[in-house]
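Colleague: The following block contains the structure, expressed as structure tokens.
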Amino acid sequence: MIKKMMKAVVFDLDGTLIDSSEGVTKCVQYALMHFGIDEPDLRSLCRFVGPPLYKSFMNFYGFSGEKAWESVHIYRERYDREGIRECCLYPGVRECIAGLREKGYRIGLASSKPEISCRQILEDFGIADSFDAIVGATLDGSIETKEDVLNELLRQWGDLEKDDIILIGDTIYDVEGANQAGIRCMAVSFGFGDVQQMLEAGAVGVCDSLEELPGRIEMTGDRIQAS
């Protein structure tokens, strides 16, 4: 048997590379207020971090599809003005990505956040050039879910096999999206998801910090065998 090492590491954004909870929750609060819903506890709105926004408005507040999309547009009024800057990098992001690149890994980003916002955030933190591909949702809805985003990334990286790629994410939506796209997913414990839920859904492991991620990826790669 010959060991087959992974060649590419793909990161989720919110809850994996950045703590975006302040911006997301304040913008959700802003959108809810438009409909007369006062939600003073921002912590209760952290469940909006990760999944597509319109689905969260439907699932958590019972909005119709039309009302949910209207909520997304109102959310983006504040997000584009203020919320996009209400975030911070998690510790070790720059060092982690630099270390992976030094080891020869291709680096990608796959987020259900609009791609234009992903690029702006990475540029603001000065790390956009560290990514070989940045893929996010499209504003017209043609690319929306984590599965959609990953499939677009796979299309762009057509020279790689699915076993060459691992997604790093913090919620069940990342694991499920990776499963649907046919790639592996490693969970991080410092984001917004339920670690046990991610493991039960098929995450290949859990990483407690970005500093330890390169080593964990190599250990995971050692377990991938090809005849």
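Residue numbers start at 1 in each chain; chains themselves are named A, B, ... in the order of the structure tokens; ligands are numbered from 1 in the order shown.
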Residues of range 71-95 of chain A within 12 Å of range 134-139 of chain A: nearest atom pair and distance (Å, one decimal) for each, counting only C-alpha atoms, sorted by chain and number, as CSV?

Modeller:
```
residue,atom,partner,partner_atom,distance
A:Val72,CA,A:Leu139,CA,10.7
A:His73,CA,A:Leu139,CA,10.3
A:Arg76,CA,A:Leu139,CA,11.0
```

Colleague: Determine which residues of range 25-173 of chain A receive a DSSP assignment of alpha helix (DSSP H), computed from the backbone, and state them as an MDAnalysis selection string.

Modeller: chainID A and resid 25:34 53:61 65:81 93:102 115:124 146:156 172:173

Colleague: Would you mind listing what lies within 9 Å of range 120-129 of chain A as a PyMOL selection string, with only C-alpha atoms counted and same-chain residues fewer than 3 positions away left out?

Modeller: chain A and resi 84-85+87-89+94+115-117+132+134

Colleague: Please save all heavy atoms of the selected residues as a PDB file, in the first residue's frame.

Modeller:
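Output (part-v4.pdb):
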```
ATOM      1  N   ILE A  84     -19.466  44.204   8.187  1.00  0.00           N
ATOM      2  CA  ILE A  84     -18.353  43.505   7.563  1.00  0.00           C
ATOM      3  C   ILE A  84     -17.040  43.738   8.311  1.00  0.00           C
ATOM      4  O   ILE A  84     -16.132  42.902   8.271  1.00  0.00           O
ATOM      5  CB  ILE A  84     -18.216  43.920   6.080  1.00  0.00           C
ATOM      6  CG1 ILE A  84     -17.288  42.950   5.340  1.00  0.00           C
ATOM      7  CG2 ILE A  84     -17.744  45.362   5.952  1.00  0.00           C
ATOM      8  CD1 ILE A  84     -17.293  43.135   3.839  1.00  0.00           C
ATOM      9  N   ARG A  85     -16.956  44.879   9.017  1.00  0.00           N
ATOM     10  CA  ARG A  85     -15.734  45.193   9.771  1.00  0.00           C
ATOM     11  C   ARG A  85     -15.811  44.759  11.237  1.00  0.00           C
ATOM     12  O   ARG A  85     -14.821  44.888  11.956  1.00  0.00           O
ATOM     13  CB  ARG A  85     -15.456  46.702   9.684  1.00  0.00           C
ATOM     14  CG  ARG A  85     -15.116  47.192   8.283  1.00  0.00           C
ATOM     15  CD  ARG A  85     -14.774  48.661   8.277  1.00  0.00           C
ATOM     16  NE  ARG A  85     -15.923  49.470   8.675  1.00  0.00           N
ATOM     17  CZ  ARG A  85     -16.897  49.845   7.862  1.00  0.00           C
ATOM     18  NH1 ARG A  85     -16.862  49.481   6.587  1.00  0.00           N
ATOM     19  NH2 ARG A  85     -17.904  50.573   8.292  1.00  0.00           N
ATOM     20  N   CYS A  87     -15.483  42.098  12.998  1.00  0.00           N
ATOM     21  CA  CYS A  87     -14.978  40.730  13.102  1.00  0.00           C
ATOM     22  C   CYS A  87     -13.494  40.781  13.420  1.00  0.00           C
ATOM     23  O   CYS A  87     -12.862  41.832  13.307  1.00  0.00           O
ATOM     24  CB  CYS A  87     -15.219  39.952  11.808  1.00  0.00           C
ATOM     25  SG  CYS A  87     -14.363  40.617  10.359  1.00  0.00           S
ATOM     26  N   CYS A  88     -12.941  39.641  13.796  1.00  0.00           N
ATOM     27  CA  CYS A  88     -11.511  39.573  14.082  1.00  0.00           C
ATOM     28  C   CYS A  88     -10.992  38.194  13.712  1.00  0.00           C
ATOM     29  O   CYS A  88     -11.748  37.213  13.715  1.00  0.00           O
ATOM     30  CB  CYS A  88     -11.230  39.879  15.552  1.00  0.00           C
ATOM     31  SG  CYS A  88     -11.998  38.732  16.709  1.00  0.00           S
ATOM     32  N   LEU A  89      -9.709  38.128  13.384  1.00  0.00           N
ATOM     33  CA  LEU A  89      -9.080  36.845  13.092  1.00  0.00           C
ATOM     34  C   LEU A  89      -8.918  36.052  14.381  1.00  0.00           C
ATOM     35  O   LEU A  89      -8.607  36.613  15.433  1.00  0.00           O
ATOM     36  CB  LEU A  89      -7.699  37.047  12.470  1.00  0.00           C
ATOM     37  CG  LEU A  89      -7.593  37.518  11.017  1.00  0.00           C
ATOM     38  CD1 LEU A  89      -6.123  37.683  10.653  1.00  0.00           C
ATOM     39  CD2 LEU A  89      -8.283  36.552  10.061  1.00  0.00           C
ATOM     40  N   ARG A  94      -2.689  33.504  10.592  1.00  0.00           N
ATOM     41  CA  ARG A  94      -1.606  33.817   9.646  1.00  0.00           C
ATOM     42  C   ARG A  94      -0.514  32.743   9.696  1.00  0.00           C
ATOM     43  O   ARG A  94      -0.025  32.284   8.656  1.00  0.00           O
ATOM     44  CB  ARG A  94      -1.000  35.182   9.970  1.00  0.00           C
ATOM     45  CG  ARG A  94      -2.003  36.338   9.903  1.00  0.00           C
ATOM     46  CD  ARG A  94      -1.334  37.649  10.310  1.00  0.00           C
ATOM     47  NE  ARG A  94      -2.317  38.687  10.580  1.00  0.00           N
ATOM     48  CZ  ARG A  94      -2.897  39.443   9.658  1.00  0.00           C
ATOM     49  NH1 ARG A  94      -2.581  39.261   8.387  1.00  0.00           N
ATOM     50  NH2 ARG A  94      -3.779  40.362   9.993  1.00  0.00           N
ATOM     51  N   GLU A 115     -19.363  35.839  -1.845  1.00  0.00           N
ATOM     52  CA  GLU A 115     -17.941  35.840  -2.192  1.00  0.00           C
ATOM     53  C   GLU A 115     -17.336  37.233  -2.139  1.00  0.00           C
ATOM     54  O   GLU A 115     -16.191  37.407  -1.713  1.00  0.00           O
ATOM     55  CB  GLU A 115     -17.750  35.244  -3.580  1.00  0.00           C
ATOM     56  CG  GLU A 115     -16.303  35.086  -3.985  1.00  0.00           C
ATOM     57  CD  GLU A 115     -16.153  34.337  -5.286  1.00  0.00           C
ATOM     58  OE1 GLU A 115     -16.752  33.247  -5.426  1.00  0.00           O
ATOM     59  OE2 GLU A 115     -15.435  34.839  -6.175  1.00  0.00           O
ATOM     60  N   ILE A 116     -18.090  38.229  -2.541  1.00  0.00           N
ATOM     61  CA  ILE A 116     -17.562  39.598  -2.526  1.00  0.00           C
ATOM     62  C   ILE A 116     -17.211  40.018  -1.104  1.00  0.00           C
ATOM     63  O   ILE A 116     -16.211  40.708  -0.871  1.00  0.00           O
ATOM     64  CB  ILE A 116     -18.585  40.574  -3.166  1.00  0.00           C
ATOM     65  CG1 ILE A 116     -17.964  41.963  -3.305  1.00  0.00           C
ATOM     66  CG2 ILE A 116     -19.889  40.635  -2.369  1.00  0.00           C
ATOM     67  CD1 ILE A 116     -18.843  42.915  -4.112  1.00  0.00           C
ATOM     68  N   SER A 117     -18.009  39.568  -0.124  1.00  0.00           N
ATOM     69  CA  SER A 117     -17.723  39.882   1.283  1.00  0.00           C
ATOM     70  C   SER A 117     -16.511  39.105   1.771  1.00  0.00           C
ATOM     71  O   SER A 117     -15.673  39.640   2.512  1.00  0.00           O
ATOM     72  CB  SER A 117     -18.938  39.553   2.155  1.00  0.00           C
ATOM     73  OG  SER A 117     -20.066  40.308   1.777  1.00  0.00           O
ATOM     74  N   ASP A 132      -5.229  30.322  -2.779  1.00  0.00           N
ATOM     75  CA  ASP A 132      -5.184  29.977  -4.197  1.00  0.00           C
ATOM     76  C   ASP A 132      -6.566  30.046  -4.838  1.00  0.00           C
ATOM     77  O   ASP A 132      -6.674  30.156  -6.061  1.00  0.00           O
ATOM     78  CB  ASP A 132      -4.600  28.576  -4.373  1.00  0.00           C
ATOM     79  CG  ASP A 132      -3.173  28.489  -3.838  1.00  0.00           C
ATOM     80  OD1 ASP A 132      -2.288  29.096  -4.455  1.00  0.00           O
ATOM     81  OD2 ASP A 132      -2.962  27.834  -2.800  1.00  0.00           O
ATOM     82  N   ILE A 134     -10.732  31.530  -3.709  1.00  0.00           N
ATOM     83  CA  ILE A 134     -11.699  32.064  -2.751  1.00  0.00           C
ATOM     84  C   ILE A 134     -13.076  31.916  -3.386  1.00  0.00           C
ATOM     85  O   ILE A 134     -13.366  32.521  -4.420  1.00  0.00           O
ATOM     86  CB  ILE A 134     -11.430  33.543  -2.434  1.00  0.00           C
ATOM     87  CG1 ILE A 134     -10.052  33.717  -1.793  1.00  0.00           C
ATOM     88  CG2 ILE A 134     -12.522  34.110  -1.519  1.00  0.00           C
ATOM     89  CD1 ILE A 134      -9.611  35.165  -1.651  1.00  0.00           C
TER      90      ILE A 134
END
```

Colleague: Smallest atom-to-atom distance to Leu42 in chain A: which of A:Gly202, A:Phe57, A:Ser21, A:Asp14, using only C-alpha atoms?

Modeller: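 For Leu42 in chain A, the nearest of the candidates is A:Ser21.
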
Colleague: For CA of Glu77 in chain A and CA of Gly108 in chain A, determine how far apart the two atoms are, in Å to one decimal place.

Modeller: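 Separation between CA of Glu77 in chain A and CA of Gly108 in chain A: 27.9 Å.
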
Colleague: What gap, in Å, lies between CA of Met33 in chain A and CA of Ser20 in chain A?

Modeller: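 Those two atoms sit 20.1 Å apart.
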
Colleague: For Lys55 in chain A, list every protein, DNA or RNA residue within 10 Å, evaluated using only C-alpha atoms, and leave out those in the same chain fewer than 4 positions away; present the list as a list in words.

Modeller: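 Listing them by chain and then by number gives Phe48, Pro51, Asn59, Phe60, Tyr61, Gly62, Phe63, Ser64, Gly65, Ala68, Trp69 and Val72 of chain A.
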
Colleague: Could you pull the residues within 12 Å of Pro214 in chain A, counting only C-alpha atoms, minus those fewer than 5 positions along the same chain, as a PyMOL selection string?

Modeller: chain A and resi 6+8-9+92-93+95-105+166+168+186+207-209+219-221
